[in-house]
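Q: Contents of final.tsv (TSV, N, CA and C atoms) are below:
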```
chain	number	residue	atom	x	y	z
L	262	GLU	N	207.25	179.70	236.85
L	262	GLU	CA	207.12	179.14	238.17
L	262	GLU	C	208.36	179.49	238.98
L	263	GLN	N	208.15	179.84	240.23
L	263	GLN	CA	209.28	180.24	241.08
L	263	GLN	C	210.25	179.08	241.25
L	264	GLY	N	211.54	179.37	241.10
L	264	GLY	CA	212.57	178.37	241.26
L	264	GLY	C	212.74	177.46	240.05
L	265	SER	N	212.02	177.74	238.97
L	265	SER	CA	212.14	176.90	237.77
L	265	SER	C	213.50	177.12	237.12
L	266	PRO	N	213.98	176.14	236.35
L	266	PRO	CA	215.28	176.32	235.67
L	266	PRO	C	215.29	177.56	234.77
L	267	ALA	N	214.19	177.84	234.10
L	267	ALA	CA	214.16	179.01	233.21
L	267	ALA	C	214.32	180.30	234.01
L	268	ALA	N	213.65	180.40	235.17
L	268	ALA	CA	213.75	181.61	235.99
L	268	ALA	C	215.17	181.79	236.50
L	269	THR	N	215.82	180.72	236.88
L	269	THR	CA	217.20	180.80	237.37
L	269	THR	C	218.15	181.12	236.22
L	270	GLN	N	217.94	180.47	235.08
L	270	GLN	CA	218.83	180.64	233.92
L	270	GLN	C	218.85	182.07	233.42
L	271	PHE	N	217.72	182.75	233.44
L	271	PHE	CA	217.66	184.09	232.88
L	271	PHE	C	217.82	185.17	233.93
L	272	GLY	N	218.36	184.86	235.07
L	272	GLY	CA	218.72	185.86	236.06
L	272	GLY	C	217.54	186.54	236.73
L	273	LEU	N	216.45	185.82	236.91
L	273	LEU	CA	215.28	186.41	237.55
L	273	LEU	C	215.27	186.16	239.05
L	274	GLY	N	216.38	185.66	239.58
L	274	GLY	CA	216.50	185.46	241.02
L	274	GLY	C	215.47	184.49	241.57
L	275	GLY	N	215.11	183.50	240.76
L	275	GLY	CA	214.14	182.50	241.21
L	275	GLY	C	212.70	182.97	241.11
L	276	GLN	N	212.47	184.19	240.61
L	276	GLN	CA	211.13	184.71	240.49
L	276	GLN	C	210.58	184.44	239.10
L	277	SER	N	209.28	184.30	238.99
L	277	SER	CA	208.68	184.13	237.67
L	277	SER	C	208.29	185.50	237.13
L	278	MET	N	208.16	185.58	235.83
L	278	MET	CA	207.78	186.83	235.19
L	278	MET	C	206.51	186.58	234.37
L	279	ASP	N	205.53	187.43	234.53
L	279	ASP	CA	204.28	187.31	233.79
L	279	ASP	C	204.03	188.66	233.13
L	280	ALA	N	203.93	188.66	231.81
L	280	ALA	CA	203.73	189.92	231.09
L	280	ALA	C	202.69	189.71	229.99
L	281	ASP	N	201.80	190.68	229.84
L	281	ASP	CA	200.81	190.64	228.77
L	281	ASP	C	201.36	191.39	227.57
L	282	MET	N	201.12	190.85	226.40
L	282	MET	CA	201.51	191.52	225.16
L	282	MET	C	200.24	191.71	224.33
L	283	PHE	N	199.56	192.83	224.57
L	283	PHE	CA	198.34	193.11	223.85
L	283	PHE	C	198.66	193.30	222.37
L	284	GLN	N	197.90	192.67	221.52
L	284	GLN	CA	198.14	192.75	220.09
L	284	GLN	C	196.85	193.15	219.37
L	285	ASN	N	196.30	194.27	219.76
L	285	ASN	CA	195.10	194.79	219.10
L	285	ASN	C	195.51	195.53	217.85
L	286	TRP	N	195.98	194.77	216.86
L	286	TRP	CA	196.52	195.35	215.65
L	286	TRP	C	195.42	195.63	214.64
L	287	LYS	N	195.74	196.48	213.68
L	287	LYS	CA	194.84	196.80	212.58
L	287	LYS	C	195.02	195.75	211.48
L	288	ASP	N	194.02	195.66	210.59
L	288	ASP	CA	194.18	194.82	209.41
L	288	ASP	C	195.29	195.42	208.56
L	289	GLN	N	196.00	194.58	207.87
L	289	GLN	CA	197.10	195.06	207.04
L	289	GLN	C	196.86	194.61	205.60
L	290	HIS	N	196.91	195.55	204.69
L	290	HIS	CA	196.81	195.25	203.27
L	290	HIS	C	198.22	195.31	202.70
L	291	VAL	N	198.59	194.28	201.96
L	291	VAL	CA	199.93	194.18	201.43
L	291	VAL	C	199.86	194.12	199.91
L	292	ILE	N	200.68	194.92	199.26
L	292	ILE	CA	200.79	194.89	197.80
L	292	ILE	C	202.18	194.34	197.49
L	293	MET	N	202.20	193.28	196.68
L	293	MET	CA	203.48	192.67	196.32
L	293	MET	C	203.56	192.53	194.81
L	294	ILE	N	204.75	192.75	194.30
L	294	ILE	CA	205.01	192.54	192.89
L	294	ILE	C	206.39	191.93	192.76
L	295	GLY	N	206.51	191.00	191.86
L	295	GLY	CA	207.80	190.36	191.66
L	295	GLY	C	207.93	189.88	190.22
L	296	ALA	N	209.16	189.69	189.82
L	296	ALA	CA	209.41	189.23	188.46
L	296	ALA	C	210.67	188.38	188.44
L	297	GLY	N	210.68	187.46	187.51
L	297	GLY	CA	211.86	186.64	187.29
L	297	GLY	C	212.18	186.66	185.80
L	298	TYR	N	213.44	186.60	185.48
L	298	TYR	CA	213.86	186.60	184.09
L	298	TYR	C	214.89	185.50	183.90
L	299	LYS	N	214.60	184.58	182.98
L	299	LYS	CA	215.52	183.49	182.69
L	299	LYS	C	216.51	183.97	181.65
L	300	ILE	N	217.74	184.21	182.07
L	300	ILE	CA	218.79	184.73	181.18
L	300	ILE	C	219.17	183.68	180.14
L	301	ASN	N	219.34	182.45	180.59
L	301	ASN	CA	219.63	181.33	179.69
L	301	ASN	C	219.16	180.06	180.40
L	302	THR	N	219.54	178.88	179.93
L	302	THR	CA	219.06	177.64	180.54
L	302	THR	C	219.59	177.43	181.96
L	303	ASP	N	220.66	178.12	182.31
L	303	ASP	CA	221.27	177.94	183.63
L	303	ASP	C	220.90	179.04	184.64
L	304	TRP	N	220.79	180.27	184.22
L	304	TRP	CA	220.65	181.41	185.13
L	304	TRP	C	219.26	182.04	185.08
L	305	THR	N	218.74	182.35	186.27
L	305	THR	CA	217.50	183.11	186.41
L	305	THR	C	217.75	184.21	187.45
L	306	VAL	N	217.29	185.43	187.17
L	306	VAL	CA	217.38	186.52	188.15
L	306	VAL	C	215.96	186.91	188.55
L	307	ARG	N	215.82	187.42	189.78
L	307	ARG	CA	214.51	187.76	190.32
L	307	ARG	C	214.59	189.08	191.10
L	308	ALA	N	213.47	189.78	191.15
L	308	ALA	CA	213.37	191.00	191.96
L	308	ALA	C	211.93	191.15	192.42
L	309	GLY	N	211.75	191.81	193.56
L	309	GLY	CA	210.39	192.00	194.07
L	309	GLY	C	210.31	193.18	195.01
L	310	LEU	N	209.09	193.63	195.21
L	310	LEU	CA	208.79	194.73	196.13
L	310	LEU	C	207.53	194.38	196.90
L	311	ASN	N	207.56	194.60	198.20
L	311	ASN	CA	206.44	194.34	199.08
L	311	ASN	C	206.14	195.67	199.77
L	312	TYR	N	204.90	196.16	199.65
L	312	TYR	CA	204.53	197.44	200.26
L	312	TYR	C	203.34	197.25	201.18
L	313	ALA	N	203.44	197.74	202.40
L	313	ALA	CA	202.35	197.68	203.36
L	313	ALA	C	202.53	198.80	204.38
L	314	LYS	N	201.53	199.03	205.18
L	314	LYS	CA	201.61	199.99	206.28
L	314	LYS	C	201.72	199.24	207.59
L	315	ASN	N	202.39	199.82	208.54
L	315	ASN	CA	202.57	199.25	209.87
L	315	ASN	C	201.21	198.90	210.48
L	316	PRO	N	200.97	197.62	210.86
L	316	PRO	CA	199.68	197.23	211.42
L	316	PRO	C	199.56	197.44	212.93
L	317	VAL	N	200.65	197.85	213.59
L	317	VAL	CA	200.66	197.93	215.05
L	317	VAL	C	200.43	199.37	215.50
L	318	PRO	N	199.27	199.67	216.11
L	318	PRO	CA	199.07	201.01	216.64
L	318	PRO	C	200.13	201.33	217.70
L	319	ASP	N	200.62	202.55	217.71
L	319	ASP	CA	201.67	202.94	218.67
L	319	ASP	C	201.31	202.57	220.11
L	320	LYS	N	200.04	202.66	220.45
L	320	LYS	CA	199.58	202.37	221.80
L	320	LYS	C	199.82	200.91	222.19
L	321	TYR	N	199.90	200.00	221.21
L	321	TYR	CA	200.09	198.58	221.50
L	321	TYR	C	201.49	198.08	221.12
L	322	LEU	N	202.36	198.96	220.72
L	322	LEU	CA	203.71	198.55	220.32
L	322	LEU	C	204.49	198.07	221.53
L	323	ASN	N	205.09	196.91	221.41
L	323	ASN	CA	205.90	196.35	222.48
L	323	ASN	C	207.34	196.27	221.97
L	324	PRO	N	208.30	196.89	222.66
L	324	PRO	CA	209.68	196.87	222.19
L	324	PRO	C	210.29	195.46	222.13
L	325	LEU	N	209.68	194.50	222.81
L	325	LEU	CA	210.16	193.12	222.74
L	325	LEU	C	209.66	192.40	221.48
L	326	PHE	N	208.68	192.99	220.79
L	326	PHE	CA	208.11	192.37	219.60
L	326	PHE	C	207.76	193.47	218.60
L	327	PRO	N	208.80	194.10	218.00
L	327	PRO	CA	208.56	195.26	217.12
L	327	PRO	C	208.16	194.85	215.70
L	328	ALA	N	206.95	194.31	215.56
L	328	ALA	CA	206.48	193.83	214.25
L	328	ALA	C	205.92	194.98	213.43
L	329	ILE	N	206.74	196.00	213.19
L	329	ILE	CA	206.26	197.21	212.51
L	329	ILE	C	206.78	197.32	211.09
L	330	GLU	N	207.21	196.20	210.53
L	330	GLU	CA	207.76	196.21	209.18
L	330	GLU	C	206.75	196.78	208.18
L	331	GLU	N	207.28	197.39	207.15
L	331	GLU	CA	206.42	197.92	206.10
L	331	GLU	C	206.87	197.41	204.73
L	332	SER	N	207.81	198.08	204.11
L	332	SER	CA	208.21	197.72	202.75
L	332	SER	C	209.48	196.87	202.74
L	333	HIS	N	209.53	195.97	201.78
L	333	HIS	CA	210.71	195.12	201.58
L	333	HIS	C	211.10	195.17	200.10
L	334	ILE	N	212.39	195.15	199.86
L	334	ILE	CA	212.92	195.06	198.50
L	334	ILE	C	213.70	193.75	198.45
L	335	THR	N	213.47	192.94	197.41
L	335	THR	CA	214.16	191.66	197.31
L	335	THR	C	214.86	191.51	195.97
L	336	LEU	N	216.00	190.84	196.01
L	336	LEU	CA	216.75	190.49	194.81
L	336	LEU	C	217.17	189.03	194.94
L	337	GLY	N	217.24	188.34	193.82
L	337	GLY	CA	217.65	186.95	193.89
L	337	GLY	C	218.19	186.45	192.57
L	338	ALA	N	218.84	185.30	192.63
L	338	ALA	CA	219.37	184.66	191.42
L	338	ALA	C	219.39	183.16	191.65
L	339	GLY	N	219.24	182.43	190.57
L	339	GLY	CA	219.30	180.98	190.64
L	339	GLY	C	220.18	180.43	189.54
L	340	TYR	N	220.91	179.38	189.85
L	340	TYR	CA	221.79	178.74	188.88
L	340	TYR	C	221.51	177.24	188.87
L	341	MET	N	221.17	176.71	187.69
L	341	MET	CA	220.94	175.27	187.53
L	341	MET	C	222.29	174.61	187.27
L	342	ILE	N	222.73	173.79	188.19
L	342	ILE	CA	224.01	173.08	188.05
L	342	ILE	C	223.85	171.98	187.00
L	343	ASP	N	222.77	171.22	187.11
L	343	ASP	CA	222.40	170.21	186.12
L	343	ASP	C	220.88	170.03	186.21
L	344	LYS	N	220.32	168.99	185.59
L	344	LYS	CA	218.86	168.84	185.58
L	344	LYS	C	218.26	168.63	186.97
L	345	ALA	N	219.05	168.14	187.91
L	345	ALA	CA	218.53	167.86	189.24
L	345	ALA	C	219.00	168.83	190.33
L	346	SER	N	220.08	169.53	190.13
L	346	SER	CA	220.68	170.36	191.18
L	346	SER	C	220.64	171.84	190.82
L	347	ALA	N	220.37	172.65	191.83
L	347	ALA	CA	220.34	174.11	191.64
L	347	ALA	C	220.81	174.81	192.90
L	348	VAL	N	221.36	175.99	192.72
L	348	VAL	CA	221.72	176.87	193.83
L	348	VAL	C	220.97	178.18	193.63
L	349	ASP	N	220.29	178.64	194.68
L	349	ASP	CA	219.56	179.91	194.64
L	349	ASP	C	220.04	180.79	195.76
L	350	ALA	N	220.04	182.09	195.53
L	350	ALA	CA	220.44	183.06	196.56
L	350	ALA	C	219.46	184.22	196.52
L	351	SER	N	219.22	184.80	197.69
L	351	SER	CA	218.34	185.96	197.75
L	351	SER	C	218.85	186.96	198.79
L	352	PHE	N	218.43	188.19	198.61
L	352	PHE	CA	218.78	189.28	199.52
L	352	PHE	C	217.52	190.12	199.72
L	353	THR	N	217.18	190.38	200.97
L	353	THR	CA	216.01	191.19	201.30
L	353	THR	C	216.44	192.36	202.17
L	354	TYR	N	215.94	193.54	201.86
L	354	TYR	CA	216.25	194.74	202.63
L	354	TYR	C	214.94	195.42	203.01
L	355	GLU	N	214.84	195.78	204.27
L	355	GLU	CA	213.69	196.54	204.76
L	355	GLU	C	214.21	197.83	205.36
L	356	PRO	N	213.84	198.98	204.78
L	356	PRO	CA	214.28	200.26	205.35
L	356	PRO	C	213.75	200.46	206.77
L	357	GLU	N	214.42	201.31	207.51
L	357	GLU	CA	214.06	201.57	208.91
L	357	GLU	C	212.65	202.15	209.04
L	358	VAL	N	211.93	201.63	210.03
L	358	VAL	CA	210.59	202.11	210.38
L	358	VAL	C	210.64	202.48	211.87
L	359	LYS	N	209.94	203.55	212.24
L	359	LYS	CA	209.88	203.97	213.64
L	359	LYS	C	208.44	203.90	214.14
L	360	GLY	N	208.30	203.62	215.42
L	360	GLY	CA	206.98	203.61	216.04
L	360	GLY	C	207.13	203.84	217.52
L	361	GLY	N	206.01	204.02	218.19
L	361	GLY	CA	206.03	204.19	219.64
L	361	GLY	C	205.29	205.42	220.07
L	362	GLU	N	205.04	205.48	221.35
L	362	GLU	CA	204.35	206.62	221.94
L	362	GLU	C	205.35	207.50	222.68
L	363	GLU	N	204.85	208.56	223.25
L	363	GLU	CA	205.68	209.47	224.03
L	363	GLU	C	206.39	208.68	225.13
L	364	GLY	N	207.67	208.84	225.23
L	364	GLY	CA	208.43	208.14	226.25
L	364	GLY	C	209.31	207.03	225.72
L	365	PHE	N	208.93	206.45	224.58
L	365	PHE	CA	209.82	205.46	223.97
L	365	PHE	C	209.57	205.40	222.47
L	366	THR	N	210.63	205.10	221.76
L	366	THR	CA	210.56	204.95	220.31
L	366	THR	C	211.24	203.64	219.95
L	367	VAL	N	210.63	202.92	219.03
L	367	VAL	CA	211.21	201.68	218.53
L	367	VAL	C	211.60	201.91	217.08
L	368	LYS	N	212.82	201.55	216.75
L	368	LYS	CA	213.28	201.61	215.36
L	368	LYS	C	213.55	200.18	214.92
L	369	HIS	N	213.14	199.87	213.70
L	369	HIS	CA	213.34	198.51	213.21
L	369	HIS	C	213.70	198.54	211.74
L	370	SER	N	214.77	197.85	211.38
L	370	SER	CA	215.12	197.63	209.98
L	370	SER	C	215.59	196.19	209.89
L	371	GLN	N	215.68	195.71	208.68
L	371	GLN	CA	216.02	194.30	208.55
L	371	GLN	C	216.77	194.04	207.25
L	372	THR	N	217.77	193.19	207.33
L	372	THR	CA	218.50	192.72	206.16
L	372	THR	C	218.59	191.22	206.28
L	373	ASN	N	218.31	190.51	205.20
L	373	ASN	CA	218.29	189.06	205.23
L	373	ASN	C	218.94	188.54	203.96
L	374	ALA	N	219.83	187.58	204.10
L	374	ALA	CA	220.44	186.93	202.94
L	374	ALA	C	220.27	185.43	203.10
L	375	GLN	N	220.11	184.76	201.98
L	375	GLN	CA	219.86	183.32	202.01
L	375	GLN	C	220.52	182.65	200.81
L	376	VAL	N	221.09	181.48	201.03
L	376	VAL	CA	221.62	180.66	199.95
L	376	VAL	C	221.01	179.27	200.15
L	377	MET	N	220.52	178.68	199.06
L	377	MET	CA	219.84	177.40	199.16
L	377	MET	C	220.31	176.47	198.04
L	378	TYR	N	220.56	175.22	198.42
L	378	TYR	CA	220.86	174.19	197.43
L	378	TYR	C	219.64	173.29	197.31
L	379	SER	N	219.22	172.98	196.10
L	379	SER	CA	218.08	172.09	195.86
L	379	SER	C	218.50	170.92	195.01
L	380	TYR	N	217.96	169.75	195.36
L	380	TYR	CA	218.16	168.56	194.54
L	380	TYR	C	216.79	167.99	194.23
L	381	ARG	N	216.47	167.86	192.96
L	381	ARG	CA	215.18	167.34	192.53
L	381	ARG	C	215.33	165.86	192.17
L	382	PHE	N	214.47	165.02	192.75
L	382	PHE	CA	214.52	163.60	192.42
L	382	PHE	C	213.13	163.05	192.20
```
Starting from the file, give its structure as structure tokens.
A:
Amino acid sequence: EQGSPAATQFGLGGQSMDADMFQNWKDQHVIMIGAGYKINTDWTVRAGLNYAKNPVPDKYLNPLFPAIEESHITLGAGYMIDKASAVDASFTYEPEVKGGEEGFTVKHSQTNAQVMYSYRF
């Protein structure tokens, strides 16, 4: 809406912005495999692979929403502090994927790390 706080905040000069994001995507089939190995009563290690093809046809790719991810590689580990407490960590890597039509190209890669504390009661 013209003159709204959001329009002013984002430097639109009091103007509103209306944009369509067509998402006529293809079905996506995903193959995932993962494994965990309990080293001892305290430590567990994990690994996984996720494989898929980009579901977004180049004609509908929007650089503001580059959901063109394909394969992911994951590694993780967990440590049981005691019967109720645990710390888990994971790392995910997605190699670079490119998409787009003539005139623009979108490149997307992703790295994600996570640490989590759990308490069971």
Q: Need the shell around Ile329 (chain L): protein/DNA/RNA residues with any atom at most 8 Å away, counting only C-alpha atoms. Skip same-chain ones fewer than 4 positions apart. Format as a ChimeraX atom specification?
A: /L:315-317,358-360,369
Q: Residues of chain L in strand (DSSP E or B) according to DSSP, as a PyMOL selection string?
A: chain L and resi 291-299+304-313+323+326+333-341+346-360+367-380
Q: How big is the axis-aligned box, and where does its centre sit, when it encloses all atoms of region 364-367 of chain L listed in the file and has 5 Å added on every side, reported in Å to one decimal as lines of an AutoDock Vina configuration file?
A:
```
center_x = 209.6
center_y = 205.3
center_z = 221.7
size_x = 13.9
size_y = 17.2
size_z = 19.2
```
Q: I'd like the interatomic distance between CA of Asp319 (chain L) and CA of Glu362 (chain L), to a tenth of an Å.
A: 5.6 Å
Q: Pick the closest to Thr302 (chain L) from L:Tyr378, L:Phe365, L:Tyr354, L:Tyr340: which is it, counting only N, CA and C atoms?
A: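 Of all the options, L:Tyr340 lies closest to Thr302 (chain L).
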Q: Find the distance between atom C of Val348 (chain L) and atom C of Gly297 (chain L) and write it in Å to one decimal.
A: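 Pair atom C of Val348 (chain L) / atom C of Gly297 (chain L) returns 14.5 Å.
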Q: Quick one, how far is atom N of Gly364 (chain L) from atom N of Glu330 (chain L)?
A: 19.4 Å
Q: Using all atoms listed in the file, pick whichever of L:Leu322, L:Ala345, L:Ala338, L:Met293 has the shortest atom-to-atom distance to Gly361 (chain L).
A: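 With all atoms listed in the file as the atom set, the closest residue is L:Leu322.
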Q: List the neighbours of Val291 (chain L) out to 6.5 Å using only N, CA and C atoms; skip same-chain residues closer than 6 positions along the sequence, and give me the result as number ranges by chain.
A: L: 311-314
Q: Go ahead and write the residues just picked, N, CA and C atoms, as an mmCIF file, in the coordinates of the input.
A:
```
data_model
loop_
_atom_site.group_PDB
_atom_site.id
_atom_site.type_symbol
_atom_site.label_atom_id
_atom_site.label_comp_id
_atom_site.auth_asym_id
_atom_site.auth_seq_id
_atom_site.Cartn_x
_atom_site.Cartn_y
_atom_site.Cartn_z
ATOM 1 N N ASN L 311 207.560 194.600 198.200
ATOM 2 C CA ASN L 311 206.440 194.340 199.080
ATOM 3 C C ASN L 311 206.140 195.670 199.770
ATOM 4 N N TYR L 312 204.900 196.160 199.650
ATOM 5 C CA TYR L 312 204.530 197.440 200.260
ATOM 6 C C TYR L 312 203.340 197.250 201.180
ATOM 7 N N ALA L 313 203.440 197.740 202.400
ATOM 8 C CA ALA L 313 202.350 197.680 203.360
ATOM 9 C C ALA L 313 202.530 198.800 204.380
ATOM 10 N N LYS L 314 201.530 199.030 205.180
ATOM 11 C CA LYS L 314 201.610 199.990 206.280
ATOM 12 C C LYS L 314 201.720 199.240 207.590
#
```
Q: Would you list the contacts of Tyr321 (chain L) as number ranges by chain, taking every protein, DNA or RNA residue within 8 Å and counting all atoms listed in the file, but skipping same-chain residues closer than 6 positions in sequence?
A: L: 282-286, 361-362
Q: Write the residues of the selection above to a file with N, CA and C atoms, as a PDB file, in the coordinates of the input.
A:
```pdb
ATOM      1  N   MET L 282     201.120 190.850 226.400  1.00  0.00           N
ATOM      2  CA  MET L 282     201.510 191.520 225.160  1.00  0.00           C
ATOM      3  C   MET L 282     200.240 191.710 224.330  1.00  0.00           C
ATOM      4  N   PHE L 283     199.560 192.830 224.570  1.00  0.00           N
ATOM      5  CA  PHE L 283     198.340 193.110 223.850  1.00  0.00           C
ATOM      6  C   PHE L 283     198.660 193.300 222.370  1.00  0.00           C
ATOM      7  N   GLN L 284     197.900 192.670 221.520  1.00  0.00           N
ATOM      8  CA  GLN L 284     198.140 192.750 220.090  1.00  0.00           C
ATOM      9  C   GLN L 284     196.850 193.150 219.370  1.00  0.00           C
ATOM     10  N   ASN L 285     196.300 194.270 219.760  1.00  0.00           N
ATOM     11  CA  ASN L 285     195.100 194.790 219.100  1.00  0.00           C
ATOM     12  C   ASN L 285     195.510 195.530 217.850  1.00  0.00           C
ATOM     13  N   TRP L 286     195.980 194.770 216.860  1.00  0.00           N
ATOM     14  CA  TRP L 286     196.520 195.350 215.650  1.00  0.00           C
ATOM     15  C   TRP L 286     195.420 195.630 214.640  1.00  0.00           C
ATOM     16  N   GLY L 361     206.010 204.020 218.190  1.00  0.00           N
ATOM     17  CA  GLY L 361     206.030 204.190 219.640  1.00  0.00           C
ATOM     18  C   GLY L 361     205.290 205.420 220.070  1.00  0.00           C
ATOM     19  N   GLU L 362     205.040 205.480 221.350  1.00  0.00           N
ATOM     20  CA  GLU L 362     204.350 206.620 221.940  1.00  0.00           C
ATOM     21  C   GLU L 362     205.350 207.500 222.680  1.00  0.00           C
TER      22      GLU L 362
END
```
Q: With all atoms listed in the file as the basis for distance, which of L:Ala328, L:Ala308, L:Ile334, L:Ile294 is at the shortest distance from Pro356 (chain L)?
A: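 Among the listed residues, the smallest separation from Pro356 (chain L) belongs to L:Ile334.
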Q: From the set L:Asn301, L:Ser379, L:Asn373, L:Gln276, which residue has the shortest atom-to-atom contact distance to Ser351 (chain L), counting only N, CA and C atoms?
A: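 Between L:Asn301, L:Ser379, L:Asn373, L:Gln276, the residue approaching Ser351 (chain L) most closely is L:Asn373.
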Q: Smallest atom-to-atom distance to His333 (chain L): which of L:Glu363, L:Asp303, L:Asp288, L:Glu355, using all atoms listed in the file?
A: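 Closest candidate: L:Glu355.
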Q: Please fill the gaps in region 341-348 of chain L so it has all heavy atoms, and write that as a PDB file, in the coordinates of the input.
A:
```
ATOM      1  N   MET L 341     221.170 176.710 187.690  1.00  0.00           N
ATOM      2  CA  MET L 341     220.940 175.270 187.530  1.00  0.00           C
ATOM      3  C   MET L 341     222.290 174.610 187.270  1.00  0.00           C
ATOM      4  O   MET L 341     222.919 174.851 186.245  1.00  0.00           O
ATOM      5  CB  MET L 341     220.000 175.003 186.352  1.00  0.00           C
ATOM      6  CG  MET L 341     218.573 175.435 186.575  1.00  0.00           C
ATOM      7  SD  MET L 341     217.723 174.533 187.882  1.00  0.00           S
ATOM      8  CE  MET L 341     217.712 172.873 187.258  1.00  0.00           C
ATOM      9  N   ILE L 342     222.730 173.790 188.190  1.00  0.00           N
ATOM     10  CA  ILE L 342     224.010 173.080 188.050  1.00  0.00           C
ATOM     11  C   ILE L 342     223.850 171.980 187.000  1.00  0.00           C
ATOM     12  O   ILE L 342     224.694 171.807 186.135  1.00  0.00           O
ATOM     13  CB  ILE L 342     224.446 172.495 189.404  1.00  0.00           C
ATOM     14  CG1 ILE L 342     224.661 173.638 190.399  1.00  0.00           C
ATOM     15  CG2 ILE L 342     225.696 171.636 189.252  1.00  0.00           C
ATOM     16  CD1 ILE L 342     224.821 173.200 191.830  1.00  0.00           C
ATOM     17  N   ASP L 343     222.770 171.220 187.110  1.00  0.00           N
ATOM     18  CA  ASP L 343     222.400 170.210 186.120  1.00  0.00           C
ATOM     19  C   ASP L 343     220.880 170.030 186.210  1.00  0.00           C
ATOM     20  O   ASP L 343     220.217 170.819 186.873  1.00  0.00           O
ATOM     21  CB  ASP L 343     223.170 168.896 186.332  1.00  0.00           C
ATOM     22  CG  ASP L 343     222.995 168.316 187.728  1.00  0.00           C
ATOM     23  OD1 ASP L 343     221.886 168.418 188.295  1.00  0.00           O
ATOM     24  OD2 ASP L 343     223.970 167.750 188.259  1.00  0.00           O
ATOM     25  N   LYS L 344     220.320 168.990 185.590  1.00  0.00           N
ATOM     26  CA  LYS L 344     218.860 168.840 185.580  1.00  0.00           C
ATOM     27  C   LYS L 344     218.260 168.630 186.970  1.00  0.00           C
ATOM     28  O   LYS L 344     217.097 168.928 187.190  1.00  0.00           O
ATOM     29  CB  LYS L 344     218.457 167.674 184.675  1.00  0.00           C
ATOM     30  CG  LYS L 344     218.619 167.964 183.218  1.00  0.00           C
ATOM     31  CD  LYS L 344     218.114 166.816 182.384  1.00  0.00           C
ATOM     32  CE  LYS L 344     218.265 167.162 180.906  1.00  0.00           C
ATOM     33  NZ  LYS L 344     217.723 166.108 180.051  1.00  0.00           N
ATOM     34  N   ALA L 345     219.050 168.140 187.910  1.00  0.00           N
ATOM     35  CA  ALA L 345     218.530 167.860 189.240  1.00  0.00           C
ATOM     36  C   ALA L 345     219.000 168.830 190.330  1.00  0.00           C
ATOM     37  O   ALA L 345     218.359 168.958 191.364  1.00  0.00           O
ATOM     38  CB  ALA L 345     218.913 166.437 189.651  1.00  0.00           C
ATOM     39  N   SER L 346     220.080 169.530 190.130  1.00  0.00           N
ATOM     40  CA  SER L 346     220.680 170.360 191.180  1.00  0.00           C
ATOM     41  C   SER L 346     220.640 171.840 190.820  1.00  0.00           C
ATOM     42  O   SER L 346     220.885 172.221 189.672  1.00  0.00           O
ATOM     43  CB  SER L 346     222.147 169.962 191.398  1.00  0.00           C
ATOM     44  OG  SER L 346     222.234 168.625 191.804  1.00  0.00           O
ATOM     45  N   ALA L 347     220.370 172.650 191.830  1.00  0.00           N
ATOM     46  CA  ALA L 347     220.340 174.110 191.640  1.00  0.00           C
ATOM     47  C   ALA L 347     220.810 174.810 192.900  1.00  0.00           C
ATOM     48  O   ALA L 347     220.694 174.284 194.010  1.00  0.00           O
ATOM     49  CB  ALA L 347     218.941 174.568 191.290  1.00  0.00           C
ATOM     50  N   VAL L 348     221.360 175.990 192.720  1.00  0.00           N
ATOM     51  CA  VAL L 348     221.720 176.870 193.830  1.00  0.00           C
ATOM     52  C   VAL L 348     220.970 178.180 193.630  1.00  0.00           C
ATOM     53  O   VAL L 348     220.967 178.746 192.526  1.00  0.00           O
ATOM     54  CB  VAL L 348     223.244 177.135 193.880  1.00  0.00           C
ATOM     55  CG1 VAL L 348     223.568 178.157 194.960  1.00  0.00           C
ATOM     56  CG2 VAL L 348     224.001 175.848 194.118  1.00  0.00           C
TER      57      VAL L 348
END
```
